[in-house]
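Trainee: For reference, this is work.txt, and it has compact mmCIF, N, CA and C atoms.
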# COMPACT_ATOMS: atom_id res chain seq x y z
N MET T 1 -25.35 -63.27 -78.11
CA MET T 1 -25.50 -63.95 -76.84
C MET T 1 -26.56 -63.27 -75.99
N ALA T 2 -27.25 -64.08 -75.26
CA ALA T 2 -28.27 -63.55 -74.37
C ALA T 2 -27.60 -62.99 -73.12
N ALA T 3 -28.11 -61.89 -72.68
CA ALA T 3 -27.56 -61.27 -71.47
C ALA T 3 -28.04 -62.04 -70.24
N LYS T 4 -27.16 -62.18 -69.26
CA LYS T 4 -27.51 -62.86 -68.03
C LYS T 4 -28.30 -61.92 -67.14
N LYS T 5 -29.31 -62.50 -66.52
CA LYS T 5 -30.11 -61.70 -65.59
C LYS T 5 -29.42 -61.70 -64.23
N ILE T 6 -29.37 -60.55 -63.65
CA ILE T 6 -28.76 -60.42 -62.33
C ILE T 6 -29.89 -60.36 -61.31
N ARG T 7 -29.84 -61.28 -60.36
CA ARG T 7 -30.86 -61.31 -59.32
C ARG T 7 -30.29 -60.75 -58.03
N ALA T 8 -31.13 -60.06 -57.32
CA ALA T 8 -30.73 -59.56 -56.01
C ALA T 8 -30.74 -60.73 -55.03
N LYS T 9 -29.74 -60.80 -54.18
CA LYS T 9 -29.67 -61.88 -53.20
C LYS T 9 -30.71 -61.65 -52.11
N LYS T 10 -31.35 -62.72 -51.71
CA LYS T 10 -32.34 -62.63 -50.65
C LYS T 10 -31.63 -62.70 -49.30
N SER T 11 -32.09 -61.91 -48.41
CA SER T 11 -31.53 -61.92 -47.06
C SER T 11 -32.03 -63.16 -46.33
N VAL T 12 -31.16 -63.78 -45.57
CA VAL T 12 -31.52 -64.98 -44.82
C VAL T 12 -32.53 -64.63 -43.74
N LYS T 13 -32.50 -63.43 -43.24
CA LYS T 13 -33.43 -63.02 -42.19
C LYS T 13 -34.87 -62.99 -42.71
N ASN T 14 -35.06 -62.74 -44.00
CA ASN T 14 -36.41 -62.65 -44.55
C ASN T 14 -36.95 -64.01 -44.99
N MET T 15 -36.12 -65.03 -45.00
CA MET T 15 -36.56 -66.36 -45.41
C MET T 15 -37.10 -67.13 -44.21
N SER T 16 -38.03 -68.02 -44.49
CA SER T 16 -38.52 -68.90 -43.43
C SER T 16 -38.32 -70.34 -43.88
N GLN T 17 -38.04 -71.19 -42.93
CA GLN T 17 -37.77 -72.59 -43.23
C GLN T 17 -38.90 -73.44 -42.67
N THR T 18 -39.33 -74.41 -43.46
CA THR T 18 -40.36 -75.33 -43.00
C THR T 18 -39.79 -76.73 -42.95
N HIS T 19 -40.44 -77.59 -42.21
CA HIS T 19 -39.98 -78.97 -42.11
C HIS T 19 -40.78 -79.90 -43.01
N ALA T 20 -41.68 -79.38 -43.82
CA ALA T 20 -42.46 -80.12 -44.81
C ALA T 20 -43.38 -81.16 -44.19
N LYS T 21 -43.65 -81.04 -42.94
CA LYS T 21 -44.60 -81.94 -42.29
C LYS T 21 -45.91 -81.20 -42.10
N GLN T 22 -46.99 -81.94 -42.21
CA GLN T 22 -48.27 -81.35 -41.89
C GLN T 22 -48.52 -81.58 -40.41
N GLU T 23 -48.90 -80.56 -39.73
CA GLU T 23 -49.20 -80.68 -38.32
C GLU T 23 -50.69 -80.97 -38.17
N PHE T 24 -51.03 -81.93 -37.30
CA PHE T 24 -52.41 -82.30 -37.09
C PHE T 24 -52.75 -82.12 -35.63
N GLN T 25 -54.01 -81.75 -35.41
CA GLN T 25 -54.50 -81.53 -34.07
C GLN T 25 -55.05 -82.84 -33.53
N PRO T 26 -54.63 -83.26 -32.32
CA PRO T 26 -55.18 -84.50 -31.77
C PRO T 26 -56.67 -84.33 -31.47
N THR T 27 -57.45 -85.37 -31.76
CA THR T 27 -58.89 -85.30 -31.55
C THR T 27 -59.38 -86.25 -30.46
N THR T 28 -58.55 -87.20 -30.04
CA THR T 28 -58.94 -88.14 -29.00
C THR T 28 -57.83 -88.23 -27.96
N LEU T 29 -58.17 -88.81 -26.82
CA LEU T 29 -57.16 -89.02 -25.78
C LEU T 29 -56.10 -90.00 -26.24
N ASP T 30 -56.50 -90.98 -27.05
CA ASP T 30 -55.52 -91.94 -27.58
C ASP T 30 -54.45 -91.23 -28.40
N GLN T 31 -54.85 -90.24 -29.18
CA GLN T 31 -53.88 -89.49 -29.98
C GLN T 31 -52.95 -88.68 -29.09
N ILE T 32 -53.48 -88.12 -28.04
CA ILE T 32 -52.65 -87.35 -27.12
C ILE T 32 -51.61 -88.26 -26.47
N TRP T 33 -52.01 -89.50 -26.20
CA TRP T 33 -51.10 -90.46 -25.57
C TRP T 33 -50.17 -91.12 -26.56
N GLY T 34 -50.29 -90.79 -27.85
CA GLY T 34 -49.31 -91.27 -28.82
C GLY T 34 -49.82 -92.26 -29.84
N ASP T 35 -51.12 -92.55 -29.87
CA ASP T 35 -51.65 -93.49 -30.86
C ASP T 35 -51.65 -92.82 -32.23
N THR T 36 -51.08 -93.51 -33.22
CA THR T 36 -51.00 -92.95 -34.58
C THR T 36 -52.21 -93.30 -35.42
N GLY T 37 -53.04 -94.24 -34.97
CA GLY T 37 -54.23 -94.61 -35.71
C GLY T 37 -54.01 -95.73 -36.70
N SER T 38 -52.79 -96.18 -36.86
CA SER T 38 -52.52 -97.21 -37.85
C SER T 38 -52.77 -98.62 -37.32
N SER T 39 -53.12 -98.77 -36.05
CA SER T 39 -53.29 -100.11 -35.50
C SER T 39 -54.54 -100.80 -36.05
N ALA T 40 -55.60 -100.08 -36.32
CA ALA T 40 -56.83 -100.70 -36.80
C ALA T 40 -56.69 -101.21 -38.23
N TYR T 41 -56.05 -100.44 -39.08
CA TYR T 41 -55.95 -100.79 -40.49
C TYR T 41 -54.53 -101.17 -40.92
N GLY T 42 -53.56 -100.99 -40.07
CA GLY T 42 -52.18 -101.36 -40.40
C GLY T 42 -51.41 -100.27 -41.10
N THR T 43 -52.08 -99.24 -41.58
CA THR T 43 -51.42 -98.14 -42.27
C THR T 43 -52.34 -96.93 -42.26
N MET T 44 -51.79 -95.78 -42.58
CA MET T 44 -52.60 -94.57 -42.74
C MET T 44 -52.54 -94.07 -44.18
N ASP T 45 -51.93 -94.84 -45.07
CA ASP T 45 -51.81 -94.48 -46.48
C ASP T 45 -52.89 -95.22 -47.27
N GLU T 46 -53.71 -94.46 -47.99
CA GLU T 46 -54.84 -95.05 -48.70
C GLU T 46 -54.40 -95.99 -49.82
N GLU T 47 -53.35 -95.65 -50.53
CA GLU T 47 -52.89 -96.50 -51.63
C GLU T 47 -52.40 -97.85 -51.11
N VAL T 48 -51.68 -97.84 -50.02
CA VAL T 48 -51.17 -99.08 -49.44
C VAL T 48 -52.34 -99.94 -48.97
N TYR T 49 -53.32 -99.31 -48.31
CA TYR T 49 -54.47 -100.05 -47.82
C TYR T 49 -55.31 -100.60 -48.98
N ALA T 50 -55.50 -99.81 -50.03
CA ALA T 50 -56.28 -100.27 -51.19
C ALA T 50 -55.60 -101.47 -51.84
N LYS T 51 -54.29 -101.43 -51.95
CA LYS T 51 -53.57 -102.57 -52.53
C LYS T 51 -53.71 -103.81 -51.65
N ARG T 52 -53.64 -103.62 -50.34
CA ARG T 52 -53.79 -104.74 -49.42
C ARG T 52 -55.19 -105.35 -49.53
N VAL T 53 -56.21 -104.49 -49.64
CA VAL T 53 -57.59 -104.97 -49.76
C VAL T 53 -57.78 -105.69 -51.10
N ASP T 54 -57.19 -105.17 -52.17
CA ASP T 54 -57.32 -105.80 -53.48
C ASP T 54 -56.67 -107.18 -53.51
N ASP T 55 -55.64 -107.39 -52.72
CA ASP T 55 -54.94 -108.66 -52.70
C ASP T 55 -55.66 -109.73 -51.86
N MET T 56 -56.67 -109.34 -51.08
CA MET T 56 -57.38 -110.28 -50.22
C MET T 56 -58.45 -111.01 -51.02
N ASN T 57 -58.71 -112.27 -50.63
CA ASN T 57 -59.85 -112.97 -51.21
C ASN T 57 -61.09 -112.65 -50.38
N LEU T 58 -62.24 -113.18 -50.77
CA LEU T 58 -63.50 -112.80 -50.13
C LEU T 58 -63.54 -113.17 -48.66
N SER T 59 -63.06 -114.34 -48.30
CA SER T 59 -63.10 -114.74 -46.89
C SER T 59 -62.16 -113.88 -46.05
N ASP T 60 -61.01 -113.49 -46.60
CA ASP T 60 -60.10 -112.59 -45.88
C ASP T 60 -60.73 -111.21 -45.73
N LEU T 61 -61.41 -110.73 -46.77
CA LEU T 61 -62.09 -109.44 -46.69
C LEU T 61 -63.17 -109.46 -45.61
N GLN T 62 -63.93 -110.53 -45.55
CA GLN T 62 -64.99 -110.63 -44.54
C GLN T 62 -64.40 -110.69 -43.13
N ALA T 63 -63.31 -111.40 -42.96
CA ALA T 63 -62.66 -111.46 -41.64
C ALA T 63 -62.10 -110.10 -41.25
N HIS T 64 -61.49 -109.41 -42.21
CA HIS T 64 -60.96 -108.07 -41.94
C HIS T 64 -62.08 -107.09 -41.61
N ALA T 65 -63.19 -107.20 -42.34
CA ALA T 65 -64.32 -106.31 -42.08
C ALA T 65 -64.87 -106.51 -40.68
N SER T 66 -64.95 -107.74 -40.24
CA SER T 66 -65.48 -107.99 -38.89
C SER T 66 -64.51 -107.49 -37.81
N THR T 67 -63.19 -107.55 -38.06
CA THR T 67 -62.24 -107.04 -37.07
C THR T 67 -62.26 -105.52 -37.01
N VAL T 68 -62.57 -104.89 -38.14
CA VAL T 68 -62.63 -103.42 -38.18
C VAL T 68 -63.96 -102.91 -37.62
N GLY T 69 -64.99 -103.75 -37.66
CA GLY T 69 -66.28 -103.35 -37.11
C GLY T 69 -67.33 -103.13 -38.17
N ILE T 70 -67.13 -103.69 -39.34
CA ILE T 70 -68.09 -103.57 -40.44
C ILE T 70 -68.75 -104.94 -40.63
N ILE T 71 -70.05 -104.93 -40.88
CA ILE T 71 -70.76 -106.18 -41.11
C ILE T 71 -70.32 -106.77 -42.44
N PRO T 72 -69.78 -107.98 -42.45
CA PRO T 72 -69.32 -108.57 -43.71
C PRO T 72 -70.50 -108.98 -44.59
N ILE T 73 -70.40 -108.66 -45.88
CA ILE T 73 -71.43 -109.03 -46.84
C ILE T 73 -70.80 -109.90 -47.92
N ASP T 74 -71.65 -110.53 -48.73
CA ASP T 74 -71.16 -111.48 -49.73
C ASP T 74 -70.69 -110.82 -51.02
N ASN T 75 -71.09 -109.61 -51.29
CA ASN T 75 -70.69 -108.91 -52.51
C ASN T 75 -69.30 -108.31 -52.31
N ARG T 76 -68.33 -108.78 -53.07
CA ARG T 76 -66.94 -108.36 -52.90
C ARG T 76 -66.74 -106.87 -53.20
N THR T 77 -67.32 -106.38 -54.28
CA THR T 77 -67.09 -104.97 -54.65
C THR T 77 -67.72 -104.02 -53.64
N MET T 78 -68.91 -104.36 -53.16
CA MET T 78 -69.55 -103.50 -52.15
C MET T 78 -68.76 -103.51 -50.85
N LEU T 79 -68.26 -104.68 -50.47
CA LEU T 79 -67.48 -104.78 -49.24
C LEU T 79 -66.17 -104.01 -49.37
N ARG T 80 -65.53 -104.11 -50.52
CA ARG T 80 -64.28 -103.37 -50.76
C ARG T 80 -64.54 -101.86 -50.68
N ASP T 81 -65.59 -101.40 -51.34
CA ASP T 81 -65.92 -99.96 -51.32
C ASP T 81 -66.25 -99.49 -49.91
N ARG T 82 -66.98 -100.31 -49.17
CA ARG T 82 -67.33 -99.93 -47.80
C ARG T 82 -66.09 -99.87 -46.91
N LEU T 83 -65.18 -100.83 -47.07
CA LEU T 83 -63.94 -100.81 -46.30
C LEU T 83 -63.10 -99.58 -46.61
N LEU T 84 -63.00 -99.23 -47.89
CA LEU T 84 -62.22 -98.04 -48.26
C LEU T 84 -62.88 -96.76 -47.74
N ARG T 85 -64.21 -96.71 -47.78
CA ARG T 85 -64.93 -95.53 -47.28
C ARG T 85 -64.71 -95.37 -45.77
N GLU T 86 -64.81 -96.47 -45.05
CA GLU T 86 -64.58 -96.41 -43.60
C GLU T 86 -63.12 -96.08 -43.28
N PHE T 87 -62.20 -96.55 -44.12
CA PHE T 87 -60.79 -96.22 -43.93
C PHE T 87 -60.57 -94.71 -44.11
N ARG T 88 -61.19 -94.13 -45.13
CA ARG T 88 -61.06 -92.68 -45.35
C ARG T 88 -61.63 -91.90 -44.17
N LYS T 89 -62.75 -92.35 -43.63
CA LYS T 89 -63.33 -91.69 -42.45
C LYS T 89 -62.37 -91.78 -41.27
N HIS T 90 -61.77 -92.94 -41.09
CA HIS T 90 -60.83 -93.15 -39.99
C HIS T 90 -59.62 -92.21 -40.13
N VAL T 91 -59.08 -92.12 -41.33
CA VAL T 91 -57.92 -91.25 -41.56
C VAL T 91 -58.31 -89.79 -41.35
N ALA T 92 -59.49 -89.40 -41.83
CA ALA T 92 -59.93 -88.02 -41.66
C ALA T 92 -60.12 -87.67 -40.19
N ALA T 93 -60.57 -88.62 -39.41
CA ALA T 93 -60.76 -88.37 -37.98
C ALA T 93 -59.43 -88.21 -37.27
N TYR T 94 -58.40 -88.92 -37.73
CA TYR T 94 -57.10 -88.84 -37.09
C TYR T 94 -56.26 -87.68 -37.59
N GLN T 95 -56.57 -87.14 -38.74
CA GLN T 95 -55.74 -86.09 -39.31
C GLN T 95 -56.50 -84.79 -39.46
N LYS T 96 -57.00 -84.28 -38.36
CA LYS T 96 -57.69 -82.99 -38.36
C LYS T 96 -56.63 -81.89 -38.38
N PRO T 97 -56.63 -81.04 -39.40
CA PRO T 97 -55.60 -80.00 -39.48
C PRO T 97 -55.73 -78.98 -38.34
N ILE T 98 -54.62 -78.42 -37.97
CA ILE T 98 -54.62 -77.39 -36.94
C ILE T 98 -55.22 -76.12 -37.52
N GLN T 99 -56.14 -75.54 -36.78
CA GLN T 99 -56.78 -74.31 -37.24
C GLN T 99 -56.15 -73.12 -36.55
N GLU T 100 -55.87 -72.12 -37.35
CA GLU T 100 -55.33 -70.89 -36.80
C GLU T 100 -56.45 -70.13 -36.09
N VAL T 101 -56.21 -69.75 -34.85
CA VAL T 101 -57.21 -69.02 -34.09
C VAL T 101 -56.89 -67.54 -34.18
N ASP T 102 -57.84 -66.81 -34.72
CA ASP T 102 -57.67 -65.37 -34.81
C ASP T 102 -58.00 -64.74 -33.46
N GLY T 103 -57.49 -63.55 -33.26
CA GLY T 103 -57.77 -62.83 -32.03
C GLY T 103 -59.24 -62.41 -31.98
N PRO T 104 -59.65 -61.86 -30.85
CA PRO T 104 -61.05 -61.46 -30.74
C PRO T 104 -61.39 -60.36 -31.74
N LYS T 105 -62.56 -60.46 -32.31
CA LYS T 105 -63.01 -59.47 -33.28
C LYS T 105 -63.55 -58.25 -32.53
N THR T 106 -63.18 -57.08 -32.98
CA THR T 106 -63.69 -55.85 -32.38
C THR T 106 -64.87 -55.37 -33.21
N LEU T 107 -65.90 -54.98 -32.52
CA LEU T 107 -67.10 -54.50 -33.18
C LEU T 107 -67.13 -52.98 -33.16
N SER T 108 -67.85 -52.43 -34.10
CA SER T 108 -67.96 -50.97 -34.16
C SER T 108 -68.82 -50.49 -33.00
N ALA T 109 -68.76 -49.22 -32.74
CA ALA T 109 -69.52 -48.64 -31.63
C ALA T 109 -71.02 -48.79 -31.87
N GLN T 110 -71.44 -48.66 -33.11
CA GLN T 110 -72.86 -48.79 -33.42
C GLN T 110 -73.33 -50.23 -33.18
N ALA T 111 -72.53 -51.21 -33.54
CA ALA T 111 -72.89 -52.61 -33.30
C ALA T 111 -72.94 -52.90 -31.80
N MET T 112 -72.01 -52.35 -31.04
CA MET T 112 -72.02 -52.55 -29.59
C MET T 112 -73.26 -51.91 -28.97
N LYS T 113 -73.70 -50.76 -29.49
CA LYS T 113 -74.89 -50.08 -28.99
C LYS T 113 -76.13 -50.94 -29.24
N ILE T 114 -76.21 -51.55 -30.44
CA ILE T 114 -77.34 -52.39 -30.77
C ILE T 114 -77.36 -53.64 -29.89
N LEU T 115 -76.21 -54.24 -29.68
CA LEU T 115 -76.15 -55.44 -28.86
C LEU T 115 -76.44 -55.16 -27.39
N SER T 116 -76.12 -53.96 -26.91
CA SER T 116 -76.34 -53.66 -25.50
C SER T 116 -77.79 -53.23 -25.20
N GLU T 117 -78.63 -53.07 -26.23
CA GLU T 117 -80.01 -52.66 -26.02
C GLU T 117 -80.81 -53.72 -25.28
N GLY T 118 -80.48 -54.98 -25.41
CA GLY T 118 -81.26 -56.05 -24.79
C GLY T 118 -80.95 -56.26 -23.33
N ARG T 119 -80.06 -55.53 -22.74
CA ARG T 119 -79.69 -55.75 -21.34
C ARG T 119 -80.71 -55.22 -20.39
Using the file provided, produce a representation of the structure as structure tokens.

Mentor:
Amino acid sequence: MAAKKIRAKKSVKNMSQTHAKQEFQPTTLDQIWGDTGSSAYGTMDEEVYAKRVDDMNLSDLQAHASTVGIIPIDNRTMLRDRLLREFRKHVAAYQKPIQEVDGPKTLSAQAMKILSEGR
């Protein structure tokens, strides 16, 4: 028989709990006031939006493009690609990750001496 491995129990004080959500930094006043960004495209999920675009016919795609602010063209594949590209840009603008701000950097005495020479 194989011997059982004995593990040391982890202390609860040393563990950290996360809520599994990604935190995003608001980039516009609309976001601060609670806009989620899904009003323009109906969703913020790329797969859902791609499926919705694939299900549209050419006239629906052109109407959707004009409501989003893209010039509608007659080529379906180019219009689909342009809509998806603009959707990705929209999502990226709304989901800017929070950046950790480090404290002020301290410089060495020699670097401070060099920087103070121009005064």

Trainee: Mind giving me the straight-line distance from atom N of Val48 (chain T) to atom N of Ser66 (chain T) in Å, one decimal?

Mentor: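 Answer for the atom N of Val48 (chain T) to atom N of Ser66 (chain T) separation: 19.2 Å.
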
Trainee: List the spatial neighbours of region 62-65 of chain T as an mmCIF file with N, CA and C atoms, in the frame of the given file - criterion: any atom at most 8 Å away, only C-alpha atoms, same-chain residues fewer than 6 positions off excluded.

Mentor:
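Produced file around.cif, reproduced below:
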data_model
loop_
_atom_site.group_PDB
_atom_site.id
_atom_site.type_symbol
_atom_site.label_atom_id
_atom_site.label_comp_id
_atom_site.auth_asym_id
_atom_site.auth_seq_id
_atom_site.Cartn_x
_atom_site.Cartn_y
_atom_site.Cartn_z
ATOM 1 N N ILE T 71 -70.050 -104.930 -40.880
ATOM 2 C CA ILE T 71 -70.760 -106.180 -41.110
ATOM 3 C C ILE T 71 -70.320 -106.770 -42.440
ATOM 4 N N PRO T 72 -69.780 -107.980 -42.450
ATOM 5 C CA PRO T 72 -69.320 -108.570 -43.710
ATOM 6 C C PRO T 72 -70.500 -108.980 -44.590
ATOM 7 N N ILE T 73 -70.400 -108.660 -45.880
ATOM 8 C CA ILE T 73 -71.430 -109.030 -46.840
ATOM 9 C C ILE T 73 -70.800 -109.900 -47.920
ATOM 10 N N LEU T 79 -68.260 -104.680 -50.470
ATOM 11 C CA LEU T 79 -67.480 -104.780 -49.240
ATOM 12 C C LEU T 79 -66.170 -104.010 -49.370
ATOM 13 N N LEU T 83 -65.180 -100.830 -47.070
ATOM 14 C CA LEU T 83 -63.940 -100.810 -46.300
ATOM 15 C C LEU T 83 -63.100 -99.580 -46.610
#

Trainee: Output as a ChimeraX atom specification all residues of region 33-73 of chain T that backbone DSSP marks as helix (DSSP H, G or I).

Mentor: /T:38-41,46-55,58-68

Trainee: Work out how far CA of Leu29 (chain T) is from CA of Pro104 (chain T), in Å to one decimal.

Mentor: 28.3 Å

Trainee: So which residues touch Glu46 (chain T) within 8 Å, counting all atoms listed in the file, skipping near sequence neighbours fewer than 5 positions away, as a PyMOL selection string?

Mentor: chain T and resi 51-52+84+87-88

Trainee: Could you state the separation of atom C of Leu58 (chain T) and CA of His90 (chain T) in Å, given to one decimal place?

Mentor: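 If I compute the distance from atom C of Leu58 (chain T) to CA of His90 (chain T), I get 22.0 Å.
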
Trainee: Starting from 5 Å padding per side, set up an axis-aligned box that covers all listed atoms of region 102-111 of chain T and hand over centre and edge lengths in Å, one decimal, as AutoDock Vina command-line options.

Mentor:
--center_x -65.4 --center_y -57.7 --center_z -32.8 --size_x 25.8 --size_y 28.2 --size_z 14.1

Trainee: Smallest atom-to-atom distance to Asp45 (chain T): which of T:Asn75, T:Glu86, T:Val91, T:Glu117, using only C-alpha atoms?

Mentor: T:Val91

Trainee: Given the choices T:Arg76, T:Lys113, T:Lys89, T:Arg119, which gets closest to Asn57 (chain T) if the distance is worked out from only C-alpha atoms?

Mentor: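 Checking each of T:Arg76, T:Lys113, T:Lys89, T:Arg119 against Asn57 (chain T), counting only C-alpha atoms, the winner is T:Arg76.
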